[in-house]
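Asks: This is input.cif, which holds mmCIF, C-alpha atoms and all ligand atoms:
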```
data_input
loop_
_atom_site.group_PDB
_atom_site.id
_atom_site.type_symbol
_atom_site.label_atom_id
_atom_site.label_comp_id
_atom_site.auth_asym_id
_atom_site.auth_seq_id
_atom_site.Cartn_x
_atom_site.Cartn_y
_atom_site.Cartn_z
ATOM 1 C CA MET A 1 93.170 80.895 127.240
ATOM 2 C CA TYR A 2 95.348 83.702 125.791
ATOM 3 C CA THR A 3 94.301 87.342 125.943
ATOM 4 C CA PHE A 4 94.971 90.216 123.552
ATOM 5 C CA ASN A 5 94.270 93.923 123.454
ATOM 6 C CA CYS A 6 94.079 96.155 120.345
ATOM 7 C CA LEU A 7 95.448 99.642 120.908
ATOM 8 C CA ASN A 8 94.234 100.629 117.434
ATOM 9 C CA PRO A 9 91.478 99.114 115.317
ATOM 10 C CA ILE A 10 92.986 96.086 113.575
ATOM 11 C CA SER A 11 91.489 94.636 110.367
ATOM 12 C CA ASP A 12 88.890 91.880 110.916
ATOM 13 C CA LYS A 13 90.707 89.686 108.408
ATOM 14 C CA GLY A 14 93.521 89.362 110.952
ATOM 15 C CA LEU A 15 91.383 89.150 114.085
ATOM 16 C CA GLU A 16 89.304 86.336 112.547
ATOM 17 C CA LEU A 17 92.445 84.162 112.565
ATOM 18 C CA PHE A 18 92.500 84.037 116.351
ATOM 19 C CA SER A 19 91.219 80.670 117.489
ATOM 20 C CA THR A 20 88.720 80.231 120.331
ATOM 21 C CA ASP A 21 91.744 79.980 122.644
ATOM 22 C CA TYR A 22 92.092 83.769 122.363
ATOM 23 C CA LYS A 23 89.963 86.396 124.061
ATOM 24 C CA LYS A 24 89.957 90.139 123.376
ATOM 25 C CA VAL A 25 90.358 92.207 126.561
ATOM 26 C CA GLU A 26 89.808 95.914 127.150
ATOM 27 C CA THR A 27 93.043 96.839 128.943
ATOM 28 C CA ILE A 28 96.746 96.190 128.396
ATOM 29 C CA GLY A 29 96.987 95.154 132.045
ATOM 30 C CA GLU A 30 94.897 92.042 131.312
ATOM 31 C CA ALA A 31 96.619 91.195 127.986
ATOM 32 C CA ASP A 32 99.236 88.630 127.005
ATOM 33 C CA ALA A 33 99.602 90.331 123.625
ATOM 34 C CA VAL A 34 99.002 93.835 122.299
ATOM 35 C CA LEU A 35 98.295 94.664 118.657
ATOM 36 C CA VAL A 36 99.072 98.246 117.704
ATOM 37 C CA ARG A 37 99.215 100.358 114.563
ATOM 38 C CA SER A 38 100.423 103.944 115.103
ATOM 39 C CA ALA A 39 99.431 104.676 118.732
ATOM 40 C CA ALA A 40 102.424 105.873 120.765
ATOM 41 C CA MET A 41 103.117 103.375 123.547
ATOM 42 C CA HIS A 42 105.969 105.241 125.245
ATOM 43 C CA ASP A 43 103.884 106.598 128.138
ATOM 44 C CA ILE A 44 101.641 103.584 128.577
ATOM 45 C CA GLU A 45 101.937 101.176 131.515
ATOM 46 C CA LEU A 46 102.771 97.796 129.979
ATOM 47 C CA GLY A 47 101.470 95.504 132.692
ATOM 48 C CA ASP A 48 103.073 92.402 134.238
ATOM 49 C CA LYS A 49 101.180 89.920 132.107
ATOM 50 C CA LEU A 50 102.297 91.246 128.718
ATOM 51 C CA SER A 51 104.549 88.902 126.685
ATOM 52 C CA CYS A 52 104.493 90.464 123.218
ATOM 53 C CA VAL A 53 103.610 93.534 121.195
ATOM 54 C CA ALA A 54 102.837 93.216 117.489
ATOM 55 C CA ARG A 55 103.102 96.368 115.413
ATOM 56 C CA ALA A 56 100.849 96.183 112.344
ATOM 57 C CA GLY A 57 103.329 98.115 110.212
ATOM 58 C CA ALA A 58 107.036 98.370 109.501
ATOM 59 C CA GLY A 59 108.343 101.135 111.792
ATOM 60 C CA VAL A 60 108.599 100.468 115.523
ATOM 61 C CA ASN A 61 109.382 103.985 116.734
ATOM 62 C CA ASN A 62 105.996 104.193 118.533
ATOM 63 C CA ILE A 63 107.030 101.300 120.795
ATOM 64 C CA PRO A 64 109.319 101.627 123.864
ATOM 65 C CA LEU A 65 111.859 99.065 122.652
ATOM 66 C CA ASP A 66 114.271 99.463 125.599
ATOM 67 C CA LYS A 67 111.488 99.070 128.167
ATOM 68 C CA CYS A 68 110.159 95.994 126.316
ATOM 69 C CA ALA A 69 113.666 94.475 126.179
ATOM 70 C CA GLU A 70 114.160 95.061 129.934
ATOM 71 C CA GLU A 71 110.838 93.412 130.731
ATOM 72 C CA GLY A 72 111.322 90.499 128.300
ATOM 73 C CA ILE A 73 108.451 91.578 126.066
ATOM 74 C CA VAL A 74 108.970 90.511 122.453
ATOM 75 C CA VAL A 75 108.206 93.133 119.792
ATOM 76 C CA PHE A 76 107.137 92.103 116.289
ATOM 77 C CA ASN A 77 106.579 94.184 113.177
ATOM 78 C CA THR A 78 105.188 93.289 109.745
ATOM 79 C CA PRO A 79 107.915 94.139 107.217
ATOM 80 C CA GLY A 80 106.742 94.339 103.617
ATOM 81 C CA ALA A 81 103.069 93.774 104.453
ATOM 82 C CA ASN A 82 102.069 97.318 103.524
ATOM 83 C CA ALA A 83 104.883 98.012 101.034
ATOM 84 C CA ASN A 84 102.665 98.001 97.960
ATOM 85 C CA GLY A 85 100.221 100.508 99.460
ATOM 86 C CA VAL A 86 103.030 102.890 100.403
ATOM 87 C CA LYS A 87 104.711 102.477 97.013
ATOM 88 C CA GLU A 88 101.523 103.369 95.143
ATOM 89 C CA LEU A 89 101.117 106.567 97.181
ATOM 90 C CA VAL A 90 104.731 107.524 96.450
ATOM 91 C CA PHE A 91 103.895 107.424 92.722
ATOM 92 C CA ALA A 92 100.737 109.448 93.356
ATOM 93 C CA GLY A 93 102.982 111.993 95.116
ATOM 94 C CA MET A 94 105.414 112.125 92.198
ATOM 95 C CA LEU A 95 102.548 112.610 89.742
ATOM 96 C CA LEU A 96 100.903 115.290 91.911
ATOM 97 C CA ALA A 97 104.206 117.155 91.914
ATOM 98 C CA SER A 98 104.560 116.829 88.126
ATOM 99 C CA ARG A 99 101.012 117.418 86.889
ATOM 100 C CA ASP A 100 98.618 120.037 88.227
ATOM 101 C CA ILE A 101 95.919 117.454 88.930
ATOM 102 C CA VAL A 102 94.628 119.321 91.983
ATOM 103 C CA GLY A 103 94.491 122.626 90.061
ATOM 104 C CA GLY A 104 92.582 120.914 87.256
ATOM 105 C CA ILE A 105 90.085 119.244 89.585
ATOM 106 C CA ASN A 106 89.490 122.501 91.478
ATOM 107 C CA TRP A 107 88.978 124.352 88.188
ATOM 108 C CA VAL A 108 86.259 121.878 87.182
ATOM 109 C CA LEU A 109 84.555 122.200 90.578
ATOM 110 C CA GLU A 110 84.598 125.995 90.325
ATOM 111 C CA ASN A 111 83.177 125.934 86.793
ATOM 112 C CA LYS A 112 80.828 122.983 87.070
ATOM 113 C CA ASP A 113 77.687 125.120 86.596
ATOM 114 C CA ASP A 114 78.991 126.874 83.485
ATOM 115 C CA GLU A 115 77.160 125.421 80.501
ATOM 116 C CA ASN A 116 80.156 126.313 78.298
ATOM 117 C CA ILE A 117 82.582 124.437 80.529
ATOM 118 C CA GLY A 118 83.637 122.192 77.641
ATOM 119 C CA LYS A 119 84.796 125.185 75.578
ATOM 120 C CA THR A 120 86.440 127.154 78.378
ATOM 121 C CA ALA A 121 88.305 124.006 79.458
ATOM 122 C CA GLU A 122 90.213 124.148 76.175
ATOM 123 C CA LYS A 123 91.641 127.532 77.167
ATOM 124 C CA ALA A 124 92.039 126.760 80.859
ATOM 125 C CA LYS A 125 94.118 123.635 80.369
ATOM 126 C CA LYS A 126 97.187 125.655 79.375
ATOM 127 C CA ALA A 127 97.414 126.899 82.949
ATOM 128 C CA PHE A 128 97.621 123.330 84.254
ATOM 129 C CA ALA A 129 100.372 121.992 81.964
ATOM 130 C CA GLY A 130 102.970 119.869 83.749
ATOM 131 C CA THR A 131 105.994 117.665 83.129
ATOM 132 C CA GLU A 132 106.476 113.898 82.786
ATOM 133 C CA ILE A 133 108.289 111.607 85.178
ATOM 134 C CA ALA A 134 109.624 109.347 82.387
ATOM 135 C CA GLY A 135 113.207 110.325 81.603
ATOM 136 C CA LYS A 136 113.688 111.971 85.001
ATOM 137 C CA LYS A 137 116.198 110.759 87.562
ATOM 138 C CA LEU A 138 114.852 109.291 90.819
ATOM 139 C CA GLY A 139 117.010 108.727 93.898
ATOM 140 C CA VAL A 140 115.774 106.060 96.314
ATOM 141 C CA ILE A 141 117.373 106.212 99.756
ATOM 142 C CA GLY A 142 116.843 102.908 101.558
ATOM 143 C CA LEU A 143 116.381 99.668 99.623
ATOM 144 C CA GLY A 144 114.121 97.731 101.952
ATOM 145 C CA ALA A 145 110.726 96.302 100.988
ATOM 146 C CA ILE A 146 109.259 99.683 99.988
ATOM 147 C CA GLY A 147 112.380 101.257 98.442
ATOM 148 C CA VAL A 148 112.977 98.272 96.142
ATOM 149 C CA LYS A 149 109.366 98.316 94.915
ATOM 150 C CA VAL A 150 109.547 102.059 94.236
ATOM 151 C CA ALA A 151 112.894 101.666 92.447
ATOM 152 C CA ASN A 152 111.775 98.815 90.209
ATOM 153 C CA ASP A 153 108.426 100.339 89.249
ATOM 154 C CA ALA A 154 109.965 103.768 88.621
ATOM 155 C CA ASN A 155 112.340 102.069 86.248
ATOM 156 C CA ARG A 156 109.414 100.418 84.461
ATOM 157 C CA LEU A 157 107.834 103.880 84.089
ATOM 158 C CA GLY A 158 110.934 105.072 82.249
ATOM 159 C CA MET A 159 112.724 106.821 85.093
ATOM 160 C CA GLU A 160 116.451 106.506 85.565
ATOM 161 C CA VAL A 161 116.911 105.241 89.125
ATOM 162 C CA LEU A 162 119.770 105.635 91.586
ATOM 163 C CA GLY A 163 119.582 103.596 94.806
ATOM 164 C CA TYR A 164 121.465 104.058 98.069
ATOM 165 C CA ASP A 165 121.490 101.787 101.100
ATOM 166 C CA PRO A 166 124.555 101.582 103.355
ATOM 167 C CA TYR A 167 123.275 98.425 105.065
ATOM 168 C CA ILE A 168 123.320 96.141 102.027
ATOM 169 C CA SER A 169 126.193 95.333 99.703
ATOM 170 C CA VAL A 170 126.178 96.587 96.122
ATOM 171 C CA ASN A 171 125.824 92.963 94.937
ATOM 172 C CA ALA A 172 122.837 92.273 97.160
ATOM 173 C CA ALA A 173 121.262 95.550 96.086
ATOM 174 C CA TRP A 174 121.868 94.694 92.430
ATOM 175 C CA ASN A 175 120.061 91.400 92.888
ATOM 176 C CA LEU A 176 117.106 93.184 94.446
ATOM 177 C CA SER A 177 116.722 95.831 91.768
ATOM 178 C CA ARG A 178 118.707 95.123 88.615
ATOM 179 C CA ASN A 179 117.960 98.227 86.613
ATOM 180 C CA VAL A 180 118.936 100.539 89.400
ATOM 181 C CA LYS A 181 122.327 102.201 89.573
ATOM 182 C CA HIS A 182 123.596 101.659 93.104
ATOM 183 C CA VAL A 183 125.654 104.421 94.617
ATOM 184 C CA THR A 184 127.761 104.155 97.744
ATOM 185 C CA ASN A 185 127.636 107.854 98.530
ATOM 186 C CA VAL A 186 124.236 109.414 99.282
ATOM 187 C CA GLU A 187 125.573 112.753 98.021
ATOM 188 C CA ASP A 188 125.496 111.343 94.477
ATOM 189 C CA ILE A 189 121.731 111.112 94.889
ATOM 190 C CA TYR A 190 121.501 114.640 96.296
ATOM 191 C CA ARG A 191 123.566 116.070 93.413
ATOM 192 C CA GLU A 192 122.035 114.210 90.480
ATOM 193 C CA CYS A 193 118.364 113.467 91.090
ATOM 194 C CA ASP A 194 115.185 115.279 90.031
ATOM 195 C CA PHE A 195 113.136 113.327 92.599
ATOM 196 C CA ILE A 196 114.474 112.017 95.919
ATOM 197 C CA THR A 197 112.460 109.608 98.055
ATOM 198 C CA VAL A 198 113.429 108.332 101.513
ATOM 199 C CA HIS A 199 112.535 104.820 102.709
ATOM 200 C CA VAL A 200 114.631 104.292 105.824
ATOM 201 C CA PRO A 201 113.667 103.667 109.463
ATOM 202 C CA LEU A 202 113.923 106.481 111.987
ATOM 203 C CA LEU A 203 117.186 105.887 113.875
ATOM 204 C CA ASP A 204 119.748 108.192 115.485
ATOM 205 C CA ALA A 205 121.777 107.821 112.281
ATOM 206 C CA THR A 206 118.915 108.799 109.975
ATOM 207 C CA LYS A 207 117.137 111.496 112.016
ATOM 208 C CA GLY A 208 117.288 114.808 110.111
ATOM 209 C CA MET A 209 119.318 113.257 107.268
ATOM 210 C CA ILE A 210 117.657 115.527 104.698
ATOM 211 C CA ASN A 211 119.122 118.695 106.218
ATOM 212 C CA LYS A 212 120.386 122.105 105.133
ATOM 213 C CA GLU A 213 123.667 120.686 103.800
ATOM 214 C CA ALA A 214 121.833 118.008 101.796
ATOM 215 C CA VAL A 215 119.400 120.550 100.325
ATOM 216 C CA GLN A 216 122.294 122.837 99.420
ATOM 217 C CA ILE A 217 123.875 120.285 97.077
ATOM 218 C CA MET A 218 120.587 119.151 95.497
ATOM 219 C CA LYS A 219 119.625 120.078 91.930
ATOM 220 C CA LYS A 220 117.512 123.171 91.364
ATOM 221 C CA GLY A 221 113.884 122.105 90.993
ATOM 222 C CA VAL A 222 114.272 118.890 93.004
ATOM 223 C CA VAL A 223 111.169 117.203 94.438
ATOM 224 C CA ILE A 224 111.690 115.577 97.869
ATOM 225 C CA LEU A 225 109.290 112.809 98.911
ATOM 226 C CA ASN A 226 108.883 111.537 102.458
ATOM 227 C CA PHE A 227 106.511 108.648 103.086
ATOM 228 C CA ALA A 228 108.688 107.095 105.798
ATOM 229 C CA ARG A 229 108.996 109.196 108.993
ATOM 230 C CA ASP A 230 108.658 112.969 109.373
ATOM 231 C CA LEU A 231 111.771 113.373 111.545
ATOM 232 C CA LEU A 232 114.012 112.071 108.748
ATOM 233 C CA VAL A 233 113.637 115.490 107.179
ATOM 234 C CA ASP A 234 114.622 118.854 108.612
ATOM 235 C CA GLU A 235 111.424 120.514 107.447
ATOM 236 C CA LYS A 236 112.718 124.035 108.025
ATOM 237 C CA ALA A 237 115.672 123.367 105.719
ATOM 238 C CA VAL A 238 113.307 122.080 103.039
ATOM 239 C CA LEU A 239 110.910 125.048 103.397
ATOM 240 C CA ASP A 240 113.914 127.396 103.106
ATOM 241 C CA GLY A 241 114.891 125.434 99.982
ATOM 242 C CA ILE A 242 111.418 126.023 98.537
ATOM 243 C CA GLU A 243 111.612 129.758 99.341
ATOM 244 C CA ALA A 244 115.033 129.961 97.684
ATOM 245 C CA GLY A 245 113.693 128.274 94.524
ATOM 246 C CA LYS A 246 115.969 125.243 95.013
ATOM 247 C CA VAL A 247 113.262 122.717 96.004
ATOM 248 C CA ARG A 248 110.186 122.585 93.752
ATOM 249 C CA ASN A 249 108.003 120.471 96.030
ATOM 250 C CA TYR A 250 108.138 118.694 99.349
ATOM 251 C CA VAL A 251 105.711 115.769 99.186
ATOM 252 C CA THR A 252 105.128 114.436 102.669
ATOM 253 C CA ASP A 253 102.766 111.906 104.226
ATOM 254 C CA PHE A 254 102.997 113.730 107.586
ATOM 255 C CA ALA A 255 100.573 116.559 108.263
ATOM 256 C CA ASN A 256 102.762 118.612 110.623
ATOM 257 C CA PRO A 257 101.856 122.241 111.379
ATOM 258 C CA THR A 258 105.333 123.273 110.142
ATOM 259 C CA VAL A 259 104.536 122.194 106.590
ATOM 260 C CA ALA A 260 100.740 121.861 106.262
ATOM 261 C CA GLY A 261 99.407 124.372 103.718
ATOM 262 C CA LYS A 262 102.841 125.870 103.038
ATOM 263 C CA LYS A 263 103.992 126.944 99.571
ATOM 264 C CA GLY A 264 105.299 124.034 97.509
ATOM 265 C CA VAL A 265 104.210 121.414 100.061
ATOM 266 C CA ILE A 266 101.960 118.521 99.074
ATOM 267 C CA CYS A 267 100.850 116.885 102.271
ATOM 268 C CA THR A 268 98.690 113.889 103.234
ATOM 269 C CA PRO A 269 97.828 112.586 106.743
ATOM 270 C CA HIS A 270 99.941 109.382 106.764
ATOM 271 C CA LEU A 271 97.859 107.505 104.209
ATOM 272 C CA GLY A 272 100.627 105.317 102.729
ATOM 273 C CA ALA A 273 99.527 102.116 104.435
ATOM 274 C CA SER A 274 95.845 103.056 104.531
ATOM 275 C CA THR A 275 94.529 100.644 101.927
ATOM 276 C CA GLU A 276 92.221 97.705 102.571
ATOM 277 C CA GLU A 277 94.891 95.362 101.269
ATOM 278 C CA ALA A 278 97.739 96.764 103.371
ATOM 279 C CA GLU A 279 95.619 96.828 106.529
ATOM 280 C CA ASP A 280 94.554 93.219 105.969
ATOM 281 C CA ASN A 281 98.116 92.077 105.180
ATOM 282 C CA CYS A 282 99.543 93.764 108.292
ATOM 283 C CA ALA A 283 96.795 92.406 110.556
ATOM 284 C CA VAL A 284 97.160 88.858 109.212
ATOM 285 C CA MET A 285 100.946 88.892 109.639
ATOM 286 C CA ALA A 286 100.728 90.423 113.135
ATOM 287 C CA VAL A 287 98.130 87.924 114.375
ATOM 288 C CA LYS A 288 100.103 84.967 112.965
ATOM 289 C CA GLU A 289 103.237 86.251 114.724
ATOM 290 C CA VAL A 290 101.398 86.544 118.043
ATOM 291 C CA MET A 291 99.872 83.051 117.802
ATOM 292 C CA ASP A 292 103.132 81.447 116.737
ATOM 293 C CA TYR A 293 104.861 83.047 119.701
ATOM 294 C CA MET A 294 102.170 82.366 122.297
ATOM 295 C CA GLU A 295 101.681 78.733 121.233
ATOM 296 C CA ASN A 296 105.115 77.658 119.972
ATOM 297 C CA GLY A 297 107.537 80.246 121.320
ATOM 298 C CA ASN A 298 108.599 81.090 117.761
ATOM 299 C CA ILE A 299 109.891 84.586 117.133
ATOM 300 C CA THR A 300 109.562 85.989 113.608
ATOM 301 C CA HIS A 301 110.175 89.604 112.535
ATOM 302 C CA SER A 302 111.194 90.804 115.943
HETATM 303 C C1 LIG B 1 104.583 101.706 108.847
HETATM 304 O O1 LIG B 1 105.469 101.907 109.680
HETATM 305 O O2 LIG B 1 104.561 100.674 108.184
HETATM 306 C C2 LIG B 1 103.461 102.718 108.695
HETATM 307 O O3 LIG B 1 103.655 103.811 109.515
HETATM 308 C C3 LIG B 1 102.186 101.991 108.910
HETATM 309 C C4 LIG B 1 100.937 102.757 109.229
HETATM 310 O O4 LIG B 1 100.610 103.791 108.679
HETATM 311 O O5 LIG B 1 100.201 102.259 110.083
#
```
Would you give me this structure, written as structure tokens?

Replies:
Amino acid sequence: MYTFNCLNPISDKGLELFSTDYKKVETIGEADAVLVRSAAMHDIELGDKLSCVARAGAGVNNIPLDKCAEEGIVVFNTPGANANGVKELVFAGMLLASRDIVGGINWVLENKDDENIGKTAEKAKKAFAGTEIAGKKLGVIGLGAIGVKVANDANRLGMEVLGYDPYISVNAAWNLSRNVKHVTNVEDIYRECDFITVHVPLLDATKGMINKEAVQIMKKGVVILNFARDLLVDEKAVLDGIEAGKVRNYVTDFANPTVAGKKGVICTPHLGASTEEAEDNCAVMAVKEVMDYMENGNITHS
């Protein structure tokens, strides 16, 4: 009998895959495997029994990788499983920054009891006019599962797309996203793009990469999107950029006190992967990884 613990609720579609050889337990101390979404595991006692941790998501910065390596605990993630969900929210972010959808919705709510709402709407709509994303230049930093999807779909929507990823060759990147212009210097993206979106993991090399110097060379009116990890962006530098009229919007999926409710900030509480489909896909991949490891010793996506 194998045992597993869920540190976060994991979709039933994944849990149903566990055979009768698996039993859910209440504590990590009793578990052979732990399934986790975003809960931080750094201060948690791992227990002597634990053989693997499966992260139902792409990033593994909530898991103590060094401690797991020392104790021989295998760590899995689920690359690509939630990429479509995140990609769709990135487009919602771009559209929210370009069209005053929120202003329009609020106007309707405020005027819902006015029997002449249909007529006054004609006048009001001028105040909510926006711009289009077609014809604008999008810079995608990081061409992994999410970045490539964003790049390709942006291209289909008529955007001109520049892609940057120092970890893959220009040829490999070209094969992944053919209508994207690949640049080898991230500064080209900073200088040229109307929208810049980051899709890289949080590493020492990427922490704070969107900083004061980066903002300084960006185009006036740039929109910066961050659906990856909050610490990739020096939020103070971006807020200063908004104050100075350089940055039009900072669209972030991280509701930090530094940015929440601030001028020019469009902020959601890490909803990128919060779709039924993404949660199911991540859970299914994570459970399969655990079973394949526990029963066959196979290690995938570690
Ligand atoms: C990820 O790393 O894939 C996301 O943070 C997933 C999530 O929101 O759970």

Asks: Give the residues close to ligand LIG 1 (chain B), within 6 Å, counting all atoms listed in the file; write them as a ChimeraX atom specification.

Replies: /A:37-38,57-59,270,273

Asks: Could you jot down the CA of Gly135 in chain A to CA of Pro166 in chain A separation for me, Å, one decimal place?

Replies: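 Taking CA of Gly135 in chain A as the start and CA of Pro166 in chain A as the end point, the length is 26.0 Å.
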
Asks: Quick check on the file I pasted: which residues fall under the PyMOL selection byres (((chain A and resi 202) around 10) and not hetatm)? Write them as a PyMOL selection string.

Replies: chain A and resi 59-61+199-201+203-209+228-232

Asks: Carefully work through the PyMOL selection byres (((chain A and resi 262-264) around 9) and not hetatm) for this structure and note down the residues it includes, as a VMD selection string.

Replies: chain A and resid 97 239 242 to 243 247 to 251 258 to 261 265 to 266

Asks: Quick check on the file I pasted: which residues fall under the PyMOL selection byres (((chain A and resi 215) around 10) and not hetatm)? Write them as a tab-separated table (two decimals) with C-alpha atoms, keeping the file's coordinate frame.

Replies:
```tsv
chain	number	residue	atom	x	y	z
A	190	TYR	CA	121.50	114.64	96.30
A	191	ARG	CA	123.57	116.07	93.41
A	210	ILE	CA	117.66	115.53	104.70
A	211	ASN	CA	119.12	118.70	106.22
A	212	LYS	CA	120.39	122.10	105.13
A	213	GLU	CA	123.67	120.69	103.80
A	214	ALA	CA	121.83	118.01	101.80
A	216	GLN	CA	122.29	122.84	99.42
A	217	ILE	CA	123.88	120.28	97.08
A	218	MET	CA	120.59	119.15	95.50
A	219	LYS	CA	119.62	120.08	91.93
A	220	LYS	CA	117.51	123.17	91.36
A	222	VAL	CA	114.27	118.89	93.00
A	224	ILE	CA	111.69	115.58	97.87
A	234	ASP	CA	114.62	118.85	108.61
A	237	ALA	CA	115.67	123.37	105.72
A	238	VAL	CA	113.31	122.08	103.04
A	240	ASP	CA	113.91	127.40	103.11
A	241	GLY	CA	114.89	125.43	99.98
A	242	ILE	CA	111.42	126.02	98.54
A	246	LYS	CA	115.97	125.24	95.01
A	247	VAL	CA	113.26	122.72	96.00
```

Asks: When you count all atoms listed in the file, which of these residues is closest to Ser274 in chain A: A:Gly85, A:Pro257, A:Gly72, A:Gly147?

Replies: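 Smallest distance to Ser274 in chain A is found for A:Gly85.
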
Asks: Which value, in Å to one decimal, gives the distance between CA of Met94 in chain A and CA of Leu225 in chain A?

Replies: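 About the pair CA of Met94 in chain A and CA of Leu225 in chain A: they are 7.8 Å apart.
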
Asks: Which residue gives the smallest distance to Cys6 in chain A among A:Ala124, A:Val233, A:Val287, A:Ile117, with all atoms listed in the file counted?

Replies: A:Val287

Asks: May I ask which of the residues A:Lys87, A:Lys119, A:Lys125, A:Arg99 is the closest one to Val150 in chain A, counting all atoms listed in the file?

Replies: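 Of all the options, A:Lys87 lies closest to Val150 in chain A.
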
Asks: Set the distance at 12 Å and use all atoms listed in the file: which residues neighbour Gly297 in chain A once local chain neighbours fewer than 4 positions away are removed? I'd like the list as a CSV table (one decimal) with C-alpha atoms, in the coordinates of the input.

Replies:
```csv
chain,number,residue,atom,x,y,z
A,51,SER,CA,104.5,88.9,126.7
A,52,CYS,CA,104.5,90.5,123.2
A,74,VAL,CA,109.0,90.5,122.5
A,289,GLU,CA,103.2,86.3,114.7
A,290,VAL,CA,101.4,86.5,118.0
A,291,MET,CA,99.9,83.1,117.8
A,292,ASP,CA,103.1,81.4,116.7
A,293,TYR,CA,104.9,83.0,119.7
```

Asks: So, with only C-alpha atoms as the atoms that count, which of A:Gly130, A:Gly118, A:Gly139, A:Pro269 lies closest to Val186 in chain A?

Replies: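 When distances to Val186 in chain A are compared using only C-alpha atoms, the smallest one comes from A:Gly139.
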
Asks: Calculated over only C-alpha atoms, which of the candidates A:Asp165, A:Glu295, A:Glu192, A:Asp153 has the smallest distance to Asp21 in chain A?

Replies: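 Ranked by minimum distance to Asp21 in chain A, first place goes to A:Glu295.
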
Asks: Closest to Cys193 in chain A among A:Val180, A:Leu138, A:Ala145, A:Leu109, using only C-alpha atoms?

Replies: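 Checking each of A:Val180, A:Leu138, A:Ala145, A:Leu109 against Cys193 in chain A, counting only C-alpha atoms, the winner is A:Leu138.
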
Asks: Residues near Ser302 in chain A, anyone? I mean within 7 Å using only C-alpha atoms, not counting same-chain ones fewer than 6 positions away, as number ranges by chain.

Replies: A: 74-77

Asks: Next, the residues of the selection above should be written as a PDB file, in the coordinates of the input with C-alpha atoms.

Replies:
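The result, written out as result-v7.pdb:
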```
ATOM      1  CA  VAL A  74     108.970  90.511 122.453  1.00  0.00           C
ATOM      2  CA  VAL A  75     108.206  93.133 119.792  1.00  0.00           C
ATOM      3  CA  PHE A  76     107.137  92.103 116.289  1.00  0.00           C
ATOM      4  CA  ASN A  77     106.579  94.184 113.177  1.00  0.00           C
TER       5      ASN A  77
END
```

Asks: Between CA of Lys181 in chain A and CA of Glu160 in chain A, what is the distance, to one decimal in Å?

Replies: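 Calculated distance between CA of Lys181 in chain A and CA of Glu160 in chain A is 8.3 Å.
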
Asks: Can you pull out every residue within 7 Å of Lys49 in chain A, counting all atoms listed in the file, but drop anything in the same chain fewer than 4 positions away, and send it as a list in words?

Replies: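 Here the answer would be Gly29, Glu30, Ala31 and Asp32 of chain A.
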
Asks: Store the residues picked out above, limited to C-alpha atoms, as a PDB file, in the frame of the given file.

Replies:
```
ATOM      1  CA  GLY A  29      96.987  95.154 132.045  1.00  0.00           C
ATOM      2  CA  GLU A  30      94.897  92.042 131.312  1.00  0.00           C
ATOM      3  CA  ALA A  31      96.619  91.195 127.986  1.00  0.00           C
ATOM      4  CA  ASP A  32      99.236  88.630 127.005  1.00  0.00           C
TER       5      ASP A  32
END
```

Asks: Draw an axis-aligned box over all listed atoms of range 66-77 of chain A, pad each side with 6 Å, and write its centre and edge lengths in Å, one decimal, as AutoDock Vina command-line options.

Replies:
```
--center_x 110.4 --center_y 95.0 --center_z 122.0 --size_x 19.7 --size_y 21.0 --size_z 29.6
```
